[in-house]
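Next comes final-v6.pdb, with PDB, C-alpha atoms.
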ATOM      1  CA  MET A   1      -3.862 -23.586   6.976
ATOM      2  CA  ALA A   2      -3.217 -22.016   3.588
ATOM      3  CA  ALA A   3      -6.072 -21.881   1.138
ATOM      4  CA  GLN A   4      -5.882 -24.180  -1.845
ATOM      5  CA  GLY A   5      -4.284 -22.829  -4.990
ATOM      6  CA  THR A   6      -2.163 -20.168  -3.311
ATOM      7  CA  ALA A   7       1.341 -19.430  -4.530
ATOM      8  CA  SER A   8       4.445 -20.318  -2.550
ATOM      9  CA  VAL A   9       5.885 -17.445  -0.517
ATOM     10  CA  PRO A  10       9.624 -16.902  -1.115
ATOM     11  CA  VAL A  11       9.770 -13.647   0.865
ATOM     12  CA  ASP A  12      10.633 -13.920   4.560
ATOM     13  CA  LEU A  13      12.013 -11.644   7.254
ATOM     14  CA  ALA A  14      15.535 -12.068   5.871
ATOM     15  CA  ALA A  15      14.392 -10.881   2.440
ATOM     16  CA  ILE A  16      12.756  -7.836   4.007
ATOM     17  CA  ARG A  17      15.946  -7.026   5.914
ATOM     18  CA  GLU A  18      17.872  -7.334   2.627
ATOM     19  CA  ALA A  19      15.381  -5.000   0.940
ATOM     20  CA  HIS A  20      15.759  -2.540   3.808
ATOM     21  CA  ALA A  21      19.528  -2.427   3.351
ATOM     22  CA  ARG A  22      19.099  -1.957  -0.418
ATOM     23  CA  ILE A  23      16.681   0.970  -0.179
ATOM     24  CA  LEU A  24      18.206   2.648   2.882
ATOM     25  CA  PRO A  25      20.105   5.286   0.844
ATOM     26  CA  HIS A  26      16.953   6.225  -1.058
ATOM     27  CA  VAL A  27      13.846   6.223   1.173
ATOM     28  CA  ARG A  28      13.068   8.173   4.314
ATOM     29  CA  ARG A  29      12.844   6.516   7.685
ATOM     30  CA  THR A  30       9.452   7.965   8.477
ATOM     31  CA  PRO A  31       8.393   8.947  12.005
ATOM     32  CA  VAL A  32       6.079   7.008  14.294
ATOM     33  CA  MET A  33       3.516   9.358  15.812
ATOM     34  CA  SER A  34       0.703   9.136  18.340
ATOM     35  CA  CYS A  35      -2.348  11.235  19.216
ATOM     36  CA  ARG A  36      -4.511  11.057  22.340
ATOM     37  CA  ALA A  37      -7.659  12.153  20.495
ATOM     38  CA  LEU A  38      -7.292   9.317  17.983
ATOM     39  CA  ASP A  39      -6.616   6.846  20.793
ATOM     40  CA  GLU A  40      -9.914   7.895  22.363
ATOM     41  CA  ALA A  41     -11.777   7.512  19.065
ATOM     42  CA  ALA A  42     -10.401   3.995  18.577
ATOM     43  CA  GLY A  43     -10.444   2.882  22.202
ATOM     44  CA  ALA A  44      -6.840   1.708  21.797
ATOM     45  CA  THR A  45      -3.285   3.035  22.038
ATOM     46  CA  LEU A  46      -2.263   3.793  18.460
ATOM     47  CA  HIS A  47       1.181   4.252  16.939
ATOM     48  CA  PHE A  48       1.090   5.588  13.386
ATOM     49  CA  LYS A  49       3.901   4.846  10.924
ATOM     50  CA  CYS A  50       3.713   7.979   8.792
ATOM     51  CA  GLU A  51       4.495   6.918   5.235
ATOM     52  CA  ASN A  52       2.791  10.093   4.025
ATOM     53  CA  PHE A  53       6.166  11.729   4.762
ATOM     54  CA  GLN A  54       7.998   9.784   2.049
ATOM     55  CA  GLU A  55       9.368  12.000  -0.723
ATOM     56  CA  VAL A  56       6.768  10.578  -3.105
ATOM     57  CA  GLY A  57       4.056  10.937  -0.458
ATOM     58  CA  ALA A  58       3.397   7.225   0.068
ATOM     59  CA  PHE A  59       4.807   3.873   1.206
ATOM     60  CA  LYS A  60       5.077   2.886  -2.458
ATOM     61  CA  ALA A  61       8.584   4.396  -2.492
ATOM     62  CA  ARG A  62       9.798   1.334  -0.619
ATOM     63  CA  GLY A  63       8.598  -1.369  -2.988
ATOM     64  CA  ALA A  64       9.481   0.634  -6.082
ATOM     65  CA  ALA A  65      13.006   1.347  -4.863
ATOM     66  CA  ASN A  66      13.598  -2.293  -3.981
ATOM     67  CA  ALA A  67      12.380  -3.458  -7.394
ATOM     68  CA  VAL A  68      14.358  -0.860  -9.368
ATOM     69  CA  PHE A  69      17.636  -1.243  -7.500
ATOM     70  CA  ALA A  70      17.402  -5.038  -7.618
ATOM     71  CA  LEU A  71      17.469  -4.985 -11.449
ATOM     72  CA  THR A  72      20.599  -6.105 -13.228
ATOM     73  CA  ALA A  73      22.404  -3.502 -15.336
ATOM     74  CA  ALA A  74      21.117  -5.186 -18.495
ATOM     75  CA  GLU A  75      17.517  -5.121 -17.268
ATOM     76  CA  ALA A  76      17.764  -1.543 -16.047
ATOM     77  CA  ALA A  77      19.001  -0.293 -19.424
ATOM     78  CA  HIS A  78      15.536  -0.898 -20.902
ATOM     79  CA  GLY A  79      13.687   0.893 -18.120
ATOM     80  CA  VAL A  80      10.591  -0.123 -16.190
ATOM     81  CA  VAL A  81       6.851  -0.038 -16.767
ATOM     82  CA  THR A  82       3.848  -0.375 -14.508
ATOM     83  CA  HIS A  83       0.152   0.352 -14.246
ATOM     84  CA  SER A  84      -1.041   2.406 -11.306
ATOM     85  CA  SER A  85      -3.836   4.641 -10.034
ATOM     86  CA  GLY A  86      -1.102   7.013  -8.952
ATOM     87  CA  ASN A  87       1.078   6.365  -5.907
ATOM     88  CA  HIS A  88       2.970   3.340  -7.232
ATOM     89  CA  GLY A  89       3.421   5.035 -10.592
ATOM     90  CA  ALA A  90       4.914   8.129  -8.982
ATOM     91  CA  ALA A  91       7.139   5.977  -6.794
ATOM     92  CA  LEU A  92       8.398   3.933  -9.733
ATOM     93  CA  ALA A  93       9.115   7.081 -11.747
ATOM     94  CA  TRP A  94      10.988   8.508  -8.742
ATOM     95  CA  ALA A  95      13.023   5.343  -8.182
ATOM     96  CA  ALA A  96      13.818   5.032 -11.890
ATOM     97  CA  ALA A  97      15.006   8.646 -11.966
ATOM     98  CA  ARG A  98      17.314   7.954  -9.033
ATOM     99  CA  ARG A  99      18.832   5.083 -11.014
ATOM    100  CA  GLY A 100      18.887   7.111 -14.232
ATOM    101  CA  ILE A 101      16.565   4.884 -16.255
ATOM    102  CA  PRO A 102      13.222   5.557 -18.002
ATOM    103  CA  ALA A 103       9.830   4.706 -16.518
ATOM    104  CA  TRP A 104       6.477   4.334 -18.265
ATOM    105  CA  VAL A 105       3.318   4.483 -16.159
ATOM    106  CA  VAL A 106      -0.056   3.357 -17.457
ATOM    107  CA  MET A 107      -2.810   5.165 -15.550
ATOM    108  CA  PRO A 108      -6.617   4.994 -15.686
ATOM    109  CA  ASP A 109      -8.040   8.125 -17.261
ATOM    110  CA  ASN A 110     -10.045   8.802 -14.075
ATOM    111  CA  ALA A 111      -6.970   8.879 -11.823
ATOM    112  CA  PRO A 112      -6.877  12.021  -9.645
ATOM    113  CA  ALA A 113      -5.131  14.929 -11.325
ATOM    114  CA  VAL A 114      -2.734  15.312  -8.407
ATOM    115  CA  LYS A 115      -1.543  11.735  -8.871
ATOM    116  CA  GLN A 116      -1.043  12.121 -12.624
ATOM    117  CA  ALA A 117       0.949  15.283 -11.929
ATOM    118  CA  ASN A 118       3.081  13.450  -9.369
ATOM    119  CA  VAL A 119       4.083  10.817 -11.919
ATOM    120  CA  ARG A 120       5.067  13.418 -14.510
ATOM    121  CA  GLY A 121       6.820  15.500 -11.874
ATOM    122  CA  PHE A 122       9.150  12.602 -11.095
ATOM    123  CA  GLY A 123       9.946  12.102 -14.775
ATOM    124  CA  GLY A 124       7.552   9.273 -15.601
ATOM    125  CA  GLN A 125       5.976   8.989 -19.038
ATOM    126  CA  VAL A 126       2.207   8.654 -18.533
ATOM    127  CA  ARG A 127      -0.043   6.647 -20.825
ATOM    128  CA  LEU A 128      -3.746   6.903 -20.048
ATOM    129  CA  CYS A 129      -6.153   4.021 -20.559
ATOM    130  CA  ALA A 130      -9.705   2.992 -19.702
ATOM    131  CA  PRO A 131     -10.217   2.292 -15.965
ATOM    132  CA  THR A 132     -10.283  -1.496 -16.269
ATOM    133  CA  VAL A 133      -7.737  -4.172 -15.387
ATOM    134  CA  ALA A 134      -7.784  -5.478 -18.956
ATOM    135  CA  ALA A 135      -7.010  -2.037 -20.381
ATOM    136  CA  ARG A 136      -4.167  -1.498 -17.931
ATOM    137  CA  GLU A 137      -2.582  -4.849 -18.699
ATOM    138  CA  ALA A 138      -2.914  -4.383 -22.449
ATOM    139  CA  ALA A 139      -1.278  -0.963 -22.310
ATOM    140  CA  CYS A 140       1.596  -2.307 -20.200
ATOM    141  CA  ALA A 141       2.117  -5.173 -22.630
ATOM    142  CA  ALA A 142       2.284  -2.685 -25.497
ATOM    143  CA  VAL A 143       4.993  -0.661 -23.739
ATOM    144  CA  GLN A 144       6.970  -3.805 -22.994
ATOM    145  CA  ALA A 145       6.787  -4.848 -26.638
ATOM    146  CA  GLU A 146       7.991  -1.409 -27.765
ATOM    147  CA  THR A 147      10.772  -0.877 -25.245
ATOM    148  CA  GLY A 148      11.785  -4.105 -23.543
ATOM    149  CA  ALA A 149      11.019  -2.475 -20.179
ATOM    150  CA  THR A 150      10.710  -4.660 -17.077
ATOM    151  CA  LEU A 151       7.220  -4.843 -15.610
ATOM    152  CA  VAL A 152       7.087  -3.868 -11.946
ATOM    153  CA  HIS A 153       3.603  -4.813 -10.816
ATOM    154  CA  PRO A 154       2.069  -2.435  -8.240
ATOM    155  CA  TYR A 155       1.593  -5.182  -5.655
ATOM    156  CA  ASN A 156       1.749  -8.739  -7.059
ATOM    157  CA  ASP A 157       5.557  -8.784  -7.192
ATOM    158  CA  TRP A 158       7.823 -10.319  -4.556
ATOM    159  CA  ARG A 159      10.382  -7.504  -4.871
ATOM    160  CA  VAL A 160       7.650  -4.950  -4.225
ATOM    161  CA  ILE A 161       6.178  -6.929  -1.315
ATOM    162  CA  ALA A 162       9.594  -7.207   0.334
ATOM    163  CA  GLY A 163      10.132  -3.464  -0.023
ATOM    164  CA  GLN A 164       6.732  -2.613   1.448
ATOM    165  CA  GLY A 165       7.475  -4.787   4.454
ATOM    166  CA  THR A 166      10.300  -2.476   5.487
ATOM    167  CA  ALA A 167       7.785   0.025   6.929
ATOM    168  CA  ALA A 168       6.556  -2.523   9.476
ATOM    169  CA  LEU A 169      10.157  -3.576  10.141
ATOM    170  CA  GLU A 170      10.989  -0.006  11.163
ATOM    171  CA  LEU A 171       7.752   0.363  13.128
ATOM    172  CA  LEU A 172       8.477  -2.691  15.264
ATOM    173  CA  GLU A 173      12.099  -1.721  15.745
ATOM    174  CA  GLU A 174      10.817   1.510  17.286
ATOM    175  CA  ILE A 175       7.754   0.118  19.125
ATOM    176  CA  PRO A 176       8.620  -3.562  19.736
ATOM    177  CA  ASP A 177       5.775  -4.398  22.140
ATOM    178  CA  LEU A 178       2.810  -3.845  19.818
ATOM    179  CA  ASP A 179      -0.120  -6.216  20.275
ATOM    180  CA  ALA A 180      -1.349  -5.794  16.702
ATOM    181  CA  VAL A 181      -0.665  -3.986  13.455
ATOM    182  CA  VAL A 182      -3.201  -2.773  10.883
ATOM    183  CA  ALA A 183      -2.608  -1.743   7.273
ATOM    184  CA  PRO A 184      -4.977  -0.801   4.460
ATOM    185  CA  VAL A 185      -5.479  -3.422   1.755
ATOM    186  CA  GLY A 186      -6.198  -2.920  -1.932
ATOM    187  CA  GLY A 187      -4.048  -5.224  -4.026
ATOM    188  CA  GLY A 188      -2.400  -6.434  -0.839
ATOM    189  CA  GLY A 189       1.276  -5.557  -1.322
ATOM    190  CA  LEU A 190       1.544  -3.374   1.774
ATOM    191  CA  LEU A 191      -0.452  -5.728   3.982
ATOM    192  CA  SER A 192       1.540  -8.738   2.719
ATOM    193  CA  GLY A 193       4.875  -7.121   3.465
ATOM    194  CA  THR A 194       3.569  -5.900   6.802
ATOM    195  CA  ALA A 195       2.411  -9.386   7.775
ATOM    196  CA  ILE A 196       5.682 -11.066   6.786
ATOM    197  CA  ALA A 197       7.782  -8.515   8.667
ATOM    198  CA  ALA A 198       5.572  -8.340  11.771
ATOM    199  CA  ARG A 199       5.029 -12.070  12.152
ATOM    200  CA  GLY A 200       8.688 -12.721  11.365
ATOM    201  CA  LEU A 201       9.769 -10.433  14.183
ATOM    202  CA  ARG A 202       6.999 -11.402  16.608
ATOM    203  CA  PRO A 203       5.158 -14.618  15.674
ATOM    204  CA  ALA A 204       2.329 -13.942  18.142
ATOM    205  CA  ILE A 205       1.517 -10.426  16.928
ATOM    206  CA  ARG A 206      -1.945  -9.982  15.410
ATOM    207  CA  VAL A 207      -2.088  -8.616  11.861
ATOM    208  CA  PHE A 208      -5.207  -7.124  10.288
ATOM    209  CA  GLY A 209      -6.167  -5.465   7.033
ATOM    210  CA  ALA A 210      -8.628  -2.630   6.522
ATOM    211  CA  GLU A 211     -10.689  -1.868   3.430
ATOM    212  CA  PRO A 212     -13.826   0.048   2.425
ATOM    213  CA  LYS A 213     -17.215  -1.676   2.531
ATOM    214  CA  GLY A 214     -17.643  -0.670  -1.105
ATOM    215  CA  ALA A 215     -14.480  -2.545  -2.081
ATOM    216  CA  ASP A 216     -14.453  -5.484   0.318
ATOM    217  CA  ASP A 217     -12.991  -8.167  -1.930
ATOM    218  CA  ALA A 218     -10.119  -8.986   0.444
ATOM    219  CA  GLN A 219     -12.472  -9.780   3.306
ATOM    220  CA  ARG A 220     -14.664 -11.883   1.025
ATOM    221  CA  SER A 221     -11.664 -13.611  -0.561
ATOM    222  CA  LEU A 222     -10.157 -14.702   2.751
ATOM    223  CA  ALA A 223     -13.556 -15.928   3.949
ATOM    224  CA  ALA A 224     -14.077 -17.937   0.745
ATOM    225  CA  GLY A 225     -10.544 -19.361   0.606
ATOM    226  CA  HIS A 226      -9.973 -18.122  -2.947
ATOM    227  CA  ILE A 227      -9.620 -14.810  -4.737
ATOM    228  CA  ILE A 228     -12.879 -13.019  -5.431
ATOM    229  CA  ALA A 229     -12.163 -10.337  -8.009
ATOM    230  CA  GLN A 230     -13.097  -6.761  -7.275
ATOM    231  CA  ASP A 231     -16.309  -5.950  -9.148
ATOM    232  CA  ASN A 232     -17.332  -2.312  -9.636
ATOM    233  CA  PRO A 233     -15.770  -0.926  -6.449
ATOM    234  CA  ARG A 234     -17.571   2.066  -5.001
ATOM    235  CA  THR A 235     -15.363   3.968  -2.607
ATOM    236  CA  ILE A 236     -13.702   7.321  -2.150
ATOM    237  CA  ALA A 237     -10.501   5.449  -1.215
ATOM    238  CA  ASP A 238      -9.185   5.259  -4.774
ATOM    239  CA  GLY A 239      -5.974   3.450  -3.777
ATOM    240  CA  LEU A 240      -7.956   0.453  -2.484
ATOM    241  CA  ARG A 241     -10.068  -0.375  -5.526
ATOM    242  CA  THR A 242      -7.871  -3.182  -6.886
ATOM    243  CA  SER A 243      -8.201  -6.953  -6.481
ATOM    244  CA  LEU A 244      -5.751  -9.218  -4.676
ATOM    245  CA  GLY A 245      -3.127 -11.078  -6.719
ATOM    246  CA  ASP A 246      -2.113 -14.705  -6.309
ATOM    247  CA  LYS A 247       1.075 -13.725  -4.454
ATOM    248  CA  THR A 248      -0.598 -11.336  -2.033
ATOM    249  CA  PHE A 249      -3.479 -13.732  -1.424
ATOM    250  CA  ALA A 250      -0.973 -16.464  -0.571
ATOM    251  CA  VAL A 251       0.542 -14.277   2.135
ATOM    252  CA  LEU A 252      -2.704 -12.899   3.530
ATOM    253  CA  SER A 253      -4.360 -16.304   3.754
ATOM    254  CA  ARG A 254      -1.462 -17.563   5.875
ATOM    255  CA  LEU A 255      -0.577 -14.611   8.088
ATOM    256  CA  VAL A 256      -3.499 -12.176   8.434
ATOM    257  CA  GLU A 257      -6.085 -12.719  11.160
ATOM    258  CA  GLY A 258      -8.887 -10.731   9.575
ATOM    259  CA  ILE A 259      -9.995  -7.757   7.491
ATOM    260  CA  GLY A 260     -12.088  -4.886   8.812
ATOM    261  CA  VAL A 261     -14.377  -2.845   6.582
ATOM    262  CA  ALA A 262     -15.314   0.812   6.888
ATOM    263  CA  SER A 263     -18.213   2.901   5.668
ATOM    264  CA  GLU A 264     -17.562   5.878   3.414
ATOM    265  CA  GLU A 265     -18.785   8.204   6.156
ATOM    266  CA  ALA A 266     -16.293   6.749   8.633
ATOM    267  CA  ILE A 267     -13.420   7.020   6.142
ATOM    268  CA  VAL A 268     -14.086  10.732   5.642
ATOM    269  CA  ALA A 269     -14.517  11.267   9.393
ATOM    270  CA  ALA A 270     -11.250   9.445  10.163
ATOM    271  CA  MET A 271      -9.375  11.401   7.509
ATOM    272  CA  ARG A 272     -10.652  14.713   8.812
ATOM    273  CA  LEU A 273      -9.992  13.782  12.441
ATOM    274  CA  THR A 274      -6.395  12.906  11.566
ATOM    275  CA  TRP A 275      -5.907  16.229   9.766
ATOM    276  CA  GLU A 276      -7.425  18.158  12.670
ATOM    277  CA  LYS A 277      -5.840  16.361  15.624
ATOM    278  CA  MET A 278      -2.492  15.083  14.293
ATOM    279  CA  LYS A 279      -1.946  18.138  12.061
ATOM    280  CA  ILE A 280      -0.775  15.966   9.158
ATOM    281  CA  VAL A 281      -2.127  15.377   5.653
ATOM    282  CA  ILE A 282      -3.285  11.854   4.815
ATOM    283  CA  GLU A 283      -5.291  10.599   1.861
ATOM    284  CA  THR A 284      -8.534   8.652   2.016
ATOM    285  CA  SER A 285      -6.903   5.211   1.726
ATOM    286  CA  SER A 286      -4.704   6.021   4.736
ATOM    287  CA  ALA A 287      -7.786   6.777   6.822
ATOM    288  CA  VAL A 288      -9.387   3.357   6.367
ATOM    289  CA  PRO A 289      -7.599   1.556   9.256
ATOM    290  CA  LEU A 290      -8.600   4.268  11.730
ATOM    291  CA  ALA A 291     -12.137   4.225  10.307
ATOM    292  CA  CYS A 292     -12.344   0.466  10.941
ATOM    293  CA  LEU A 293     -11.128   0.970  14.505
ATOM    294  CA  MET A 294     -13.609   3.800  15.074
ATOM    295  CA  GLU A 295     -16.526   1.725  13.753
ATOM    296  CA  ARG A 296     -15.253  -1.376  15.627
ATOM    297  CA  SER A 297     -15.224  -3.631  12.564
ATOM    298  CA  LEU A 298     -11.740  -4.122  13.974
ATOM    299  CA  ASP A 299     -12.313  -4.154  17.719
ATOM    300  CA  LEU A 300      -8.871  -3.900  19.281
ATOM    301  CA  ALA A 301     -10.019  -2.032  22.375
ATOM    302  CA  GLY A 302      -7.371  -1.675  25.043
ATOM    303  CA  LEU A 303      -4.542  -2.946  22.844
ATOM    304  CA  LYS A 304      -1.345  -1.309  21.651
ATOM    305  CA  VAL A 305      -1.783  -1.083  17.881
ATOM    306  CA  GLY A 306       0.530  -0.074  15.068
ATOM    307  CA  VAL A 307      -1.178   1.573  12.087
ATOM    308  CA  ILE A 308       0.457   2.113   8.705
ATOM    309  CA  LEU A 309      -0.544   5.527   7.330
ATOM    310  CA  SER A 310      -0.028   4.641   3.696
ATOM    311  CA  GLY A 311       0.097   8.035   1.968
ATOM    312  CA  GLY A 312      -0.775  11.697   1.797
ATOM    313  CA  ASN A 313      -1.314  12.564  -1.865
ATOM    314  CA  VAL A 314      -4.503  14.612  -1.848
ATOM    315  CA  ASP A 315      -6.178  16.843  -4.409
ATOM    316  CA  LEU A 316      -6.728  19.951  -2.278
ATOM    317  CA  GLU A 317      -9.415  21.165  -4.702
ATOM    318  CA  ARG A 318     -11.532  18.056  -4.005
ATOM    319  CA  LEU A 319     -11.454  17.384  -0.281
ATOM    320  CA  PRO A 320     -14.165  14.843   0.625
ATOM    321  CA  TRP A 321     -15.785  17.007   3.318
ATOM    322  CA  GLN A 322     -16.161  20.013   1.010
ATOM    323  CA  LYS A 323     -19.532  20.534  -0.639
TER     324      LYS A 323
END
Just give me the structure of the file as structure tokens.
Amino acid sequence: MAAQGTASVPVDLAAIREAHARILPHVRRTPVMSCRALDEAAGATLHFKCENFQEVGAFKARGAANAVFALTAAEAAHGVVTHSSGNHGAALAWAAARRGIPAWVVMPDNAPAVKQANVRGFGGQVRLCAPTVAAREAACAAVQAETGATLVHPYNDWRVIAGQGTAALELLEEIPDLDAVVAPVGGGGLLSGTAIAARGLRPAIRVFGAEPKGADDAQRSLAAGHIIAQDNPRTIADGLRTSLGDKTFAVLSRLVEGIGVASEEAIVAAMRLTWEKMKIVIETSSAVPLACLMERSLDLAGLKVGVILSGGNVDLERLPWQK
């Protein structure tokens, strides 16, 4: 049963298929990979959807492309604006450049340097602000007032949610007999899209989120039946520090079975293990699902599990296992 006060959910499997057709010329169909060493660590058979191989380095390319290319010509002429810790901002700048329109990205002044550079590298105009939700929203409102740009929220936007769901759509097209799928959850856009796509294709599939113990608002929100705002998150997984929105909470409360939480030590260990054994670069947020499986806060032992590797944008000067 849906929790009281949740928004209606207009996005379904058909909307995700439509988004997939819209973004197909622009995003990469990323590979699905496996690794025996990671299977052993999790006690399950894992299939990783490698969104770290997107041109922008993260799944955010999907939602941003769907939102940008769904704009009317009149809307597009004024450009787009968002607030982002990095990956969504870079993706929106990239998508806007592909359409030939301007993009403004409001970023917290403590965002990793590599993520600020990514936004500028794709042509986005960065505006720094204090690392609070209020400061982000105020800065976005100022840009909208100046330019008439369309706000593309990082996660609480149906166009974005539909785009993010295309990763799970591709995953299940390739590995149709999965028992469960796990995605990291910050604001909830990726997990929402994943849940809609996965449950739309296979109603009995189990869908889980994964988040850090130091930013466990999604787990607490679903348990309480209402949104509990993120308060002073303390985690190395900088992409998962945001609170759920009303749209994402509406989806998660209906379609997600549970949320696992991971310690900081497990996140670093899972990230390093993935680098060492899969020979691919993932960022800390991407490591959280594997960390939850390794610590058994998500105990899916013996099952065939799809895992969304959300991104690979890493500051190589600040690797978490370096002293």
- Message: Quick one: residues within 12 Å of Ala117 of chain A, only C-alpha atoms, excluding same-chain residues fewer than 4 positions away - as a PyMOL selection string?
- Response: chain A and resi 56+85-87+89-90+93+105+107+111-113+121-126+313-315
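With the shown file loaded, the PyMOL selection byres ((chain A and resi 169) around 9) picks out Leu13, Ile16, Arg17, His20, Gly165, Thr166, Ala167, Ala168, Glu170, Leu171, Leu172, Glu173, Glu174, Thr194, Ala197, Ala198 and Leu201 of chain A.
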- Item | Separation of atom CA of Gly57 of chain A from atom CA of Gly312 of chain A in Å | 5.4 Å
- To verify the selection step, state as an MDAnalysis selection string which residues the PyMOL selection byres ((chain A and resi 42-47) around 9) yields on this input. chainID A and resid 32:41 48:49 171 175 178 290:296 299:308
- Task: Might you spell out which residues the PyMOL selection byres ((chain A and resi 180-190) around 8) would select in the displayed file, as a VMD selection string?
- Result: chain A and resid 59 154 to 157 160 to 161 164 to 165 178 to 179 191 to 194 198 205 to 211 218 239 to 245 248 to 249 252 285 to 286 288 to 289 303 to 310
- In terms of all atoms listed in the file, the residue from A:Trp158, A:Trp104, A:Trp275, A:Phe69 at minimal distance from His83 of chain A is A:Trp104
- Write out as an NGL selection string the residues lying within 12 Å of segment 143-147 of chain A, counting all atoms listed in the file and excluding same-chain residues fewer than 2 positions away. :A and (75-83 or 102-106 or 125-127 or 136-141 or 149-152)
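One finds atom CA of Arg254 of chain A at 21.6 Å from atom CA of Ala19 of chain A.
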- Message: To one decimal place in Å, what is the distance between atom CA of Pro176 of chain A and atom CA of Leu255 of chain A?
- Response: 18.5 Å
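If you count only C-alpha atoms and ignore residues fewer than 2 places along the chain from Gln230 of chain A, what sits within 7 Å of it is A:Ala215, A:Asp217, A:Ile228, A:Asn232, A:Pro233, A:Thr242, A:Ser243.
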- Could you give me, as a VMD selection string, the residues within 10 Å of Leu319 of chain A, counting only C-alpha atoms and dropping anything in the same chain fewer than 5 positions from it? chain A and resid 268 272 283 to 284 314
Any chance you could work out the axis-aligned box around segment 182-196 of chain A, listed atoms only, 8 Å on each side, giving centre and edge lengths in Å to one decimal, as AutoDock Vina command-line options?
--center_x -0.3 --center_y -5.9 --center_z 3.4 --size_x 27.9 --size_y 26.3 --size_z 30.9
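For the set A:Met278, A:Leu24, A:Ala204, A:Met271, the residue with the smallest atom-to-atom gap to Glu257 of chain A is A:Ala204, counting all atoms listed in the file.
Between Arg28 of chain A and the candidates A:Ala14, A:Gly311, A:Arg159, A:Ala61, the tightest atom-to-atom separation, counting only C-alpha atoms, involves A:Ala61.
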- Message: Counting all atoms listed in the file, which residue out of A:Ala135, A:Ala58, A:Ala224, A:Ala96 sits closest to Lys115 of chain A?
- Response: A:Ala58
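With only C-alpha atoms as the atoms that count, the minimum distance from Ala287 of chain A to the choices A:Ala229, A:Cys50, A:Val11, A:Ala223 is reached by A:Cys50.
In this comparison, which uses only C-alpha atoms, the residue of A:Lys277, A:His226, A:Arg199, A:Arg29 approaching Lys247 of chain A most closely is A:His226.
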